[in-house]
Amino acid sequence: MQNSWDVIVIGAGVAGGLAAFDCARRGLRVLLVEKRSFPRWKVCGCCFNANAFAALTASGLPNVFHDQGAVPLDQLRLGWGGKALKLDLPGGWALSRERFDQALVDAAEAAGATVRFQTSAVLEEITPDGRMVRLRPPGDAPIERIKARVVLVAAGLQHQVMSPTHAASSRSTPESRLGAGCLINDDDGSYEPGAIHMAIGQRGYVGLVRREDGALNLAAAFDRAVVKSSGGVVRAAEDVLYQAGFPLPRSLESSRWQLTPALTRRAGLFAGDRFLLLGDATGYVEPFTGEGMAWALAAGAAVAPFVEEAQGGWSVDLERRWQRRLVDLTISRQRVCSVLSTLLRQPLTTNALFSLGCQWPAIPQRVIRSLNRVSPLMASS
């Protein structure tokens, strides 16, 4: 394999996969590195909103959802205290990460990118015209050291790509919840397709959505203490579903569960010498109706011009402009979800908000529109 690249993208999730495609279609020499094998299931990320679609369209991939058989989402069903509230959901889609992430990787390869799976990567020293990256292939294959003019770090919530000093700058907040989820293949059909079913409990929430293959994707967020006190994530999920008045899916306990690191994280840096961060590596808050995928895709769709500019030279000004771009595209939009998450931690407040929403549904409907609105930066791309 060649040892010099225009850009190395670390992480083949939604941000990294889309960035690799967009850079490759512009004629850059792209290496996309992923430490896992594909396709793979992930706890969250099955729901996409209108802003996610706008990011794909801006990057030249408007047909991914249609081509992969995604399920249109037009309704959000909220449950709290045995009561239900149904709201319109504008322009949403449900698609498994197995299919979606693989579709992005396939598109990147078709555009000319080279892809390496089961390969971890770590940033090393600066060179006069680039950055060294150490690759560790699977098995007993020798470690490789290669160079890139730019490195894009899209390696997720708790990446270990940079030095301990840099890595320590991204940390979870004290109130951060744990993520958990499973895939249910033999439920009784209580949860209809085309809707996000959100059960709200006193110490967490559970979201369920029907995928394109008919399976039921469950993704949840729980207070750390409740997972321990209830005896695990299965019991915590059962408690939330029961509190909301939602039926318990069959095989909930026997399904294979996955956990995530603490969800709400704050990143202390967004760029450095010859590298840019994007996606969940830049920070994350609990999403509700597909916002998380939109944040990652928006960053993936925006980074290629910065990579092109950096081929001619690097500057601190470029780093600062990338940080401002991230604030405009993702970080500022995360604030609504952060406020909602804080409010939903208070049972009295949640009860008052839910009663208000049931009486005047136009109020929560306005919040849903705000969460799902298309960023002007994406619309104008």
# chains A, B, ... in the order shown; residues from 1 in each chain; ligands from 1

call {"tool": "residues_around", "arguments": {"residues": "Lys42 of chain A", "least_positions_apart": "3", "cutoff": "9 Å", "atoms": "only C-alpha atoms", "output": "PDB file with N, CA and C atoms, in the first residue's frame"}}
result
ATOM      1  N   GLY A  45     -28.719   5.200  16.158  1.00  0.00           N
ATOM      2  CA  GLY A  45     -28.437   5.633  14.803  1.00  0.00           C
ATOM      3  C   GLY A  45     -29.304   5.030  13.735  1.00  0.00           C
ATOM      4  N   CYS A  46     -30.462   4.495  14.108  1.00  0.00           N
ATOM      5  CA  CYS A  46     -31.360   3.892  13.126  1.00  0.00           C
ATOM      6  C   CYS A  46     -32.300   4.925  12.510  1.00  0.00           C
ATOM      7  N   SER A  96     -31.275   0.592   8.976  1.00  0.00           N
ATOM      8  CA  SER A  96     -30.273  -0.037   9.828  1.00  0.00           C
ATOM      9  C   SER A  96     -28.889   0.518   9.532  1.00  0.00           C
ATOM     10  N   ARG A  97     -28.076   0.605  10.569  1.00  0.00           N
ATOM     11  CA  ARG A  97     -26.709   1.062  10.374  1.00  0.00           C
ATOM     12  C   ARG A  97     -25.894   0.049   9.578  1.00  0.00           C
ATOM     13  N   GLU A  98     -26.270  -1.220   9.638  1.00  0.00           N
ATOM     14  CA  GLU A  98     -25.570  -2.211   8.813  1.00  0.00           C
ATOM     15  C   GLU A  98     -25.618  -1.819   7.339  1.00  0.00           C
ATOM     16  N   GLY A 181     -28.930  -0.830  24.061  1.00  0.00           N
ATOM     17  CA  GLY A 181     -29.881  -1.182  23.016  1.00  0.00           C
ATOM     18  C   GLY A 181     -29.792  -2.631  22.614  1.00  0.00           C
ATOM     19  N   CYS A 182     -30.774  -3.056  21.843  1.00  0.00           N
ATOM     20  CA  CYS A 182     -30.801  -4.419  21.326  1.00  0.00           C
ATOM     21  C   CYS A 182     -31.643  -4.440  20.058  1.00  0.00           C
ATOM     22  N   GLN A 258     -26.206  -4.312  23.811  1.00  0.00           N
ATOM     23  CA  GLN A 258     -24.936  -3.599  23.776  1.00  0.00           C
ATOM     24  C   GLN A 258     -25.054  -2.336  24.613  1.00  0.00           C
TER      25      GLN A 258
END

call {"tool": "residues_around", "arguments": {"residues": "Ala148 of chain A", "least_positions_apart": "4", "cutoff": "8 Å", "atoms": "only C-alpha atoms", "output": "MDAnalysis selection string"}}
result
chainID A and resid 4:8 130:133

call {"tool": "write_last_selection", "arguments": {"atoms": "all heavy atoms", "output": "compact mmCIF listing (two decimals), in the first residue's frame"}}
result
# COMPACT_ATOMS: atom_id res chain seq x y z
N SER A 4 1.77 7.50 1.36
CA SER A 4 1.47 8.92 1.41
C SER A 4 0.09 9.17 0.82
O SER A 4 -0.22 8.69 -0.27
CB SER A 4 2.53 9.72 0.64
OG SER A 4 2.27 11.10 0.70
N TRP A 5 -0.73 9.95 1.56
CA TRP A 5 -2.12 10.18 1.17
C TRP A 5 -2.45 11.67 1.31
O TRP A 5 -1.84 12.37 2.12
CB TRP A 5 -3.07 9.37 2.04
CG TRP A 5 -2.83 7.89 1.97
CD1 TRP A 5 -1.91 7.18 2.69
CD2 TRP A 5 -3.49 6.96 1.12
NE1 TRP A 5 -1.96 5.86 2.34
CE2 TRP A 5 -2.92 5.68 1.37
CE3 TRP A 5 -4.49 7.07 0.17
CZ2 TRP A 5 -3.34 4.54 0.71
CZ3 TRP A 5 -4.92 5.92 -0.50
CH2 TRP A 5 -4.34 4.68 -0.23
N ASP A 6 -3.43 12.10 0.54
CA ASP A 6 -3.93 13.46 0.73
C ASP A 6 -4.70 13.58 2.04
O ASP A 6 -4.60 14.58 2.75
CB ASP A 6 -4.84 13.86 -0.44
CG ASP A 6 -4.09 13.97 -1.75
OD1 ASP A 6 -2.89 14.32 -1.72
OD2 ASP A 6 -4.69 13.67 -2.80
N VAL A 7 -5.48 12.54 2.36
CA VAL A 7 -6.26 12.55 3.60
C VAL A 7 -6.46 11.11 4.08
O VAL A 7 -6.74 10.21 3.29
CB VAL A 7 -7.63 13.25 3.40
CG1 VAL A 7 -8.42 12.64 2.27
CG2 VAL A 7 -8.45 13.23 4.69
N ILE A 8 -6.27 10.92 5.37
CA ILE A 8 -6.61 9.66 6.03
C ILE A 8 -7.81 9.93 6.92
O ILE A 8 -7.78 10.85 7.74
CB ILE A 8 -5.44 9.11 6.87
CG1 ILE A 8 -4.25 8.77 5.96
CG2 ILE A 8 -5.87 7.87 7.65
CD1 ILE A 8 -3.00 8.36 6.73
N GLY A 130 2.88 17.21 6.47
CA GLY A 130 1.82 16.28 6.79
C GLY A 130 1.89 15.77 8.21
O GLY A 130 2.53 16.37 9.08
N ARG A 131 1.21 14.66 8.42
CA ARG A 131 1.13 14.03 9.74
C ARG A 131 1.33 12.53 9.58
O ARG A 131 0.75 11.91 8.68
CB ARG A 131 -0.24 14.30 10.36
CG ARG A 131 -0.37 13.77 11.80
CD ARG A 131 -0.34 14.92 12.75
NE ARG A 131 -0.13 14.48 14.12
CZ ARG A 131 -0.28 15.27 15.18
NH1 ARG A 131 -0.64 16.52 15.00
NH2 ARG A 131 -0.05 14.83 16.39
N MET A 132 2.16 11.94 10.44
CA MET A 132 2.36 10.50 10.42
C MET A 132 1.23 9.82 11.19
O MET A 132 0.73 10.33 12.20
CB MET A 132 3.70 10.13 11.02
CG MET A 132 4.90 10.72 10.30
SD MET A 132 4.98 10.27 8.55
CE MET A 132 5.15 8.46 8.66
N VAL A 133 0.83 8.66 10.69
CA VAL A 133 -0.22 7.85 11.33
C VAL A 133 0.29 6.42 11.44
O VAL A 133 0.83 5.87 10.47
CB VAL A 133 -1.53 7.88 10.51
CG1 VAL A 133 -2.58 6.97 11.15
CG2 VAL A 133 -2.06 9.31 10.40

call {"tool": "select_by_dssp", "arguments": {"residues": "segment 44-203 of chain A", "states": "strand (DSSP E or B)", "output": "NGL selection string"}}
result
:A and (47-48 or 71-80 or 83-94 or 114-116 or 120-127 or 130-136 or 144-153 or 170-172 or 178-184 or 195-201)

call {"tool": "residues_around", "arguments": {"residues": "segment 143-145 of chain A", "least_positions_apart": "5", "cutoff": "9 Å", "atoms": "only C-alpha atoms", "output": "list of chain:residue names"}}
result
A:Asn3, A:Glu124, A:Met132, A:Val133, A:Arg134, A:Leu135, A:Arg136, A:Pro137

call {"tool": "residues_around", "arguments": {"residues": "Tyr242 of chain A", "least_positions_apart": "4", "cutoff": "9 Å", "atoms": "only C-alpha atoms", "output": "PyMOL selection string"}}
result
chain A and resi 81-82+199+201+237-238+246-248

call {"tool": "write_last_selection", "arguments": {"atoms": "C-alpha atoms", "output": "PDB file, in the first residue's frame"}}
result
ATOM      1  CA  GLY A  81     -47.406   7.835  32.898  1.00  0.00           C
ATOM      2  CA  GLY A  82     -49.657   5.600  30.840  1.00  0.00           C
ATOM      3  CA  ALA A 199     -41.224   5.719  26.240  1.00  0.00           C
ATOM      4  CA  GLY A 201     -39.572   7.090  32.437  1.00  0.00           C
ATOM      5  CA  ALA A 237     -35.866  -0.923  30.019  1.00  0.00           C
ATOM      6  CA  GLU A 238     -38.816  -2.907  31.374  1.00  0.00           C
ATOM      7  CA  PHE A 246     -45.929   0.613  26.452  1.00  0.00           C
ATOM      8  CA  PRO A 247     -46.104  -3.152  25.858  1.00  0.00           C
ATOM      9  CA  LEU A 248     -43.003  -5.210  26.589  1.00  0.00           C
TER      10      LEU A 248
END

call {"tool": "residues_around", "arguments": {"residues": "Pro62 of chain A", "least_positions_apart": "3", "cutoff": "12 Å", "atoms": "only C-alpha atoms", "output": "list in words"}}
result
Ala50, Asn51, Ala52, Phe53, Ala54, Ala55, Leu56, Thr57, Ala58, Ser59, Phe65, His66, Asp67, Gln68, Leu104 and Ala107 of chain A

call {"tool": "write_last_selection", "arguments": {"atoms": "C-alpha atoms", "output": "short mmCIF file (atom, residue, chain, number, x, y, z; two decimals), in the first residue's frame"}}
result
data_model
loop_
_atom_site.label_atom_id
_atom_site.label_comp_id
_atom_site.auth_asym_id
_atom_site.auth_seq_id
_atom_site.Cartn_x
_atom_site.Cartn_y
_atom_site.Cartn_z
CA ALA A 50 -34.71 15.87 7.16
CA ASN A 51 -31.41 17.54 8.01
CA ALA A 52 -29.62 14.20 7.55
CA PHE A 53 -31.19 13.88 4.11
CA ALA A 54 -30.06 17.43 3.29
CA ALA A 55 -26.46 16.56 4.20
CA LEU A 56 -26.53 13.51 1.93
CA THR A 57 -28.02 15.53 -0.90
CA ALA A 58 -25.40 18.25 -0.50
CA SER A 59 -22.68 15.59 -0.81
CA PHE A 65 -32.47 5.95 1.71
CA HIS A 66 -34.53 4.98 -1.34
CA ASP A 67 -31.91 2.57 -2.69
CA GLN A 68 -31.50 0.81 0.67
CA LEU A 104 -21.44 5.06 2.48
CA ALA A 107 -19.86 4.91 -2.32
#

call {"tool": "residues_around", "arguments": {"residues": "Pro72 of chain A", "least_positions_apart": "5", "cutoff": "9 Å", "atoms": "only C-alpha atoms", "output": "list in words"}}
result
Phe65, Gly91, Gly92, Trp93, Ala94, Pro193, Gly194 and Ala195 of chain A

call {"tool": "select_by_dssp", "arguments": {"residues": "segment 19-115 of chain A", "states": "alpha helix (DSSP H)", "output": "PyMOL selection string"}}
result
chain A and resi 19-25+50-58+64-67+97-110

call {"tool": "write_last_selection", "arguments": {"atoms": "N, CA and C atoms", "output": "CSV table (one decimal), in the first residue's frame"}}
result
chain,number,residue,atom,x,y,z
A,19,ALA,N,-17.5,11.8,4.7
A,19,ALA,CA,-16.3,12.6,4.4
A,19,ALA,C,-15.4,12.0,3.4
A,20,ALA,N,-15.2,10.6,3.6
A,20,ALA,CA,-14.3,9.9,2.7
A,20,ALA,C,-14.9,9.9,1.3
A,21,PHE,N,-16.2,9.7,1.1
A,21,PHE,CA,-16.8,9.8,-0.2
A,21,PHE,C,-16.6,11.2,-0.8
A,22,ASP,N,-16.9,12.2,-0.1
A,22,ASP,CA,-16.9,13.6,-0.6
A,22,ASP,C,-15.5,14.0,-1.0
A,23,CYS,N,-14.5,13.6,-0.2
A,23,CYS,CA,-13.1,13.9,-0.5
A,23,CYS,C,-12.7,13.1,-1.8
A,24,ALA,N,-13.1,11.8,-1.9
A,24,ALA,CA,-12.6,11.0,-3.0
A,24,ALA,C,-13.3,11.5,-4.3
A,25,ARG,N,-14.5,11.9,-4.2
A,25,ARG,CA,-15.2,12.4,-5.5
A,25,ARG,C,-14.6,13.7,-6.0
A,50,ALA,N,-34.8,15.1,8.4
A,50,ALA,CA,-34.7,15.9,7.2
A,50,ALA,C,-33.3,16.5,7.0
A,51,ASN,N,-32.7,16.9,8.1
A,51,ASN,CA,-31.4,17.5,8.0
A,51,ASN,C,-30.3,16.5,7.6
A,52,ALA,N,-30.5,15.3,8.0
A,52,ALA,CA,-29.6,14.2,7.6
A,52,ALA,C,-29.7,14.0,6.0
A,53,PHE,N,-31.0,14.0,5.6
A,53,PHE,CA,-31.2,13.9,4.1
A,53,PHE,C,-30.6,15.1,3.4
A,54,ALA,N,-30.6,16.3,3.9
A,54,ALA,CA,-30.1,17.4,3.3
A,54,ALA,C,-28.5,17.3,3.2
A,55,ALA,N,-27.9,16.7,4.2
A,55,ALA,CA,-26.5,16.6,4.2
A,55,ALA,C,-26.1,15.6,3.1
A,56,LEU,N,-26.8,14.5,3.0
A,56,LEU,CA,-26.5,13.5,1.9
A,56,LEU,C,-26.7,14.1,0.5
A,57,THR,N,-27.8,14.9,0.4
A,57,THR,CA,-28.0,15.5,-0.9
A,57,THR,C,-26.9,16.5,-1.3
A,58,ALA,N,-26.5,17.3,-0.3
A,58,ALA,CA,-25.4,18.2,-0.5
A,58,ALA,C,-24.1,17.6,-0.9
A,64,VAL,N,-29.7,7.4,-1.2
A,64,VAL,CA,-29.3,6.3,-0.3
A,64,VAL,C,-30.5,5.7,0.4
A,65,PHE,N,-31.3,6.5,1.0
A,65,PHE,CA,-32.5,5.9,1.7
A,65,PHE,C,-33.4,5.1,0.8
A,66,HIS,N,-33.7,5.7,-0.4
A,66,HIS,CA,-34.5,5.0,-1.3
A,66,HIS,C,-33.9,3.7,-1.8
A,67,ASP,N,-32.6,3.7,-2.2
A,67,ASP,CA,-31.9,2.6,-2.7
A,67,ASP,C,-31.8,1.5,-1.7
A,97,ARG,N,-28.1,0.6,10.6
A,97,ARG,CA,-26.7,1.1,10.4
A,97,ARG,C,-25.9,0.0,9.6
A,98,GLU,N,-26.3,-1.2,9.6
A,98,GLU,CA,-25.6,-2.2,8.8
A,98,GLU,C,-25.6,-1.8,7.3
A,99,ARG,N,-26.8,-1.4,6.9
A,99,ARG,CA,-27.0,-1.1,5.5
A,99,ARG,C,-26.5,0.3,5.2
A,100,PHE,N,-26.8,1.3,6.1
A,100,PHE,CA,-26.5,2.7,5.8
A,100,PHE,C,-24.9,2.9,5.8
A,101,ASP,N,-24.3,2.4,6.8
A,101,ASP,CA,-22.8,2.7,6.9
A,101,ASP,C,-22.1,1.9,5.7
A,102,GLN,N,-22.6,0.7,5.4
A,102,GLN,CA,-21.9,0.0,4.3
A,102,GLN,C,-22.2,0.7,3.0
A,103,ALA,N,-23.4,1.3,2.8
A,103,ALA,CA,-23.6,2.1,1.6
A,103,ALA,C,-22.7,3.3,1.4
A,104,LEU,N,-22.4,4.0,2.5
A,104,LEU,CA,-21.4,5.1,2.5
A,104,LEU,C,-20.0,4.6,2.1
A,105,VAL,N,-19.6,3.5,2.7
A,105,VAL,CA,-18.3,2.9,2.4
A,105,VAL,C,-18.2,2.5,1.0
A,106,ASP,N,-19.3,1.8,0.5
A,106,ASP,CA,-19.3,1.4,-0.9
A,106,ASP,C,-19.2,2.6,-1.9
A,107,ALA,N,-19.9,3.7,-1.5
A,107,ALA,CA,-19.9,4.9,-2.3
A,107,ALA,C,-18.5,5.5,-2.3
A,108,ALA,N,-17.8,5.5,-1.1
A,108,ALA,CA,-16.5,6.1,-1.1
A,108,ALA,C,-15.5,5.2,-1.9
A,109,GLU,N,-15.6,3.9,-1.8
A,109,GLU,CA,-14.7,3.1,-2.7
A,109,GLU,C,-15.0,3.3,-4.1
A,110,ALA,N,-16.3,3.4,-4.5
A,110,ALA,CA,-16.6,3.6,-5.9
A,110,ALA,C,-16.0,5.0,-6.4

call {"tool": "residues_around", "arguments": {"residues": "Val316 of chain A", "least_positions_apart": "3", "cutoff": "9 Å", "atoms": "only C-alpha atoms", "output": "ChimeraX atom specification"}}
result
/A:272-273,319-321

call {"tool": "atom_distance", "arguments": {"atom1": "atom CA of Gly16 of chain A", "atom2": "atom CA of Asp213 of chain A"}}
result
24.9 Å

call {"tool": "atom_distance", "arguments": {"atom1": "atom CA of Val303 of chain A", "atom2": "atom CA of Val161 of chain A"}}
result
18.7 Å

call {"tool": "closest_residue", "arguments": {"among": "A:Gly179, A:Gly204, A:Pro249, A:Gly231", "to": "Thr264 of chain A", "atoms": "only C-alpha atoms"}}
result
A:Gly179

call {"tool": "closest_residue", "arguments": {"among": "A:Arg250, A:Arg77, A:Arg26, A:Arg149", "to": "Asp188 of chain A", "atoms": "only C-alpha atoms"}}
result
A:Arg250

call {"tool": "closest_residue", "arguments": {"among": "A:Ile196, A:Leu276, A:Ile368, A:Val226", "to": "Leu78 of chain A", "atoms": "only C-alpha atoms"}}
result
A:Ile196

call {"tool": "closest_residue", "arguments": {"among": "A:Asp129, A:Asp223, A:Glu309, A:Asp74", "to": "Gln202 of chain A", "atoms": "only C-alpha atoms"}}
result
A:Asp223

call {"tool": "closest_residue", "arguments": {"among": "A:Leu85, A:Ala219, A:Gly292, A:Leu326", "to": "Ala271 of chain A", "atoms": "only C-alpha atoms"}}
result
A:Leu326
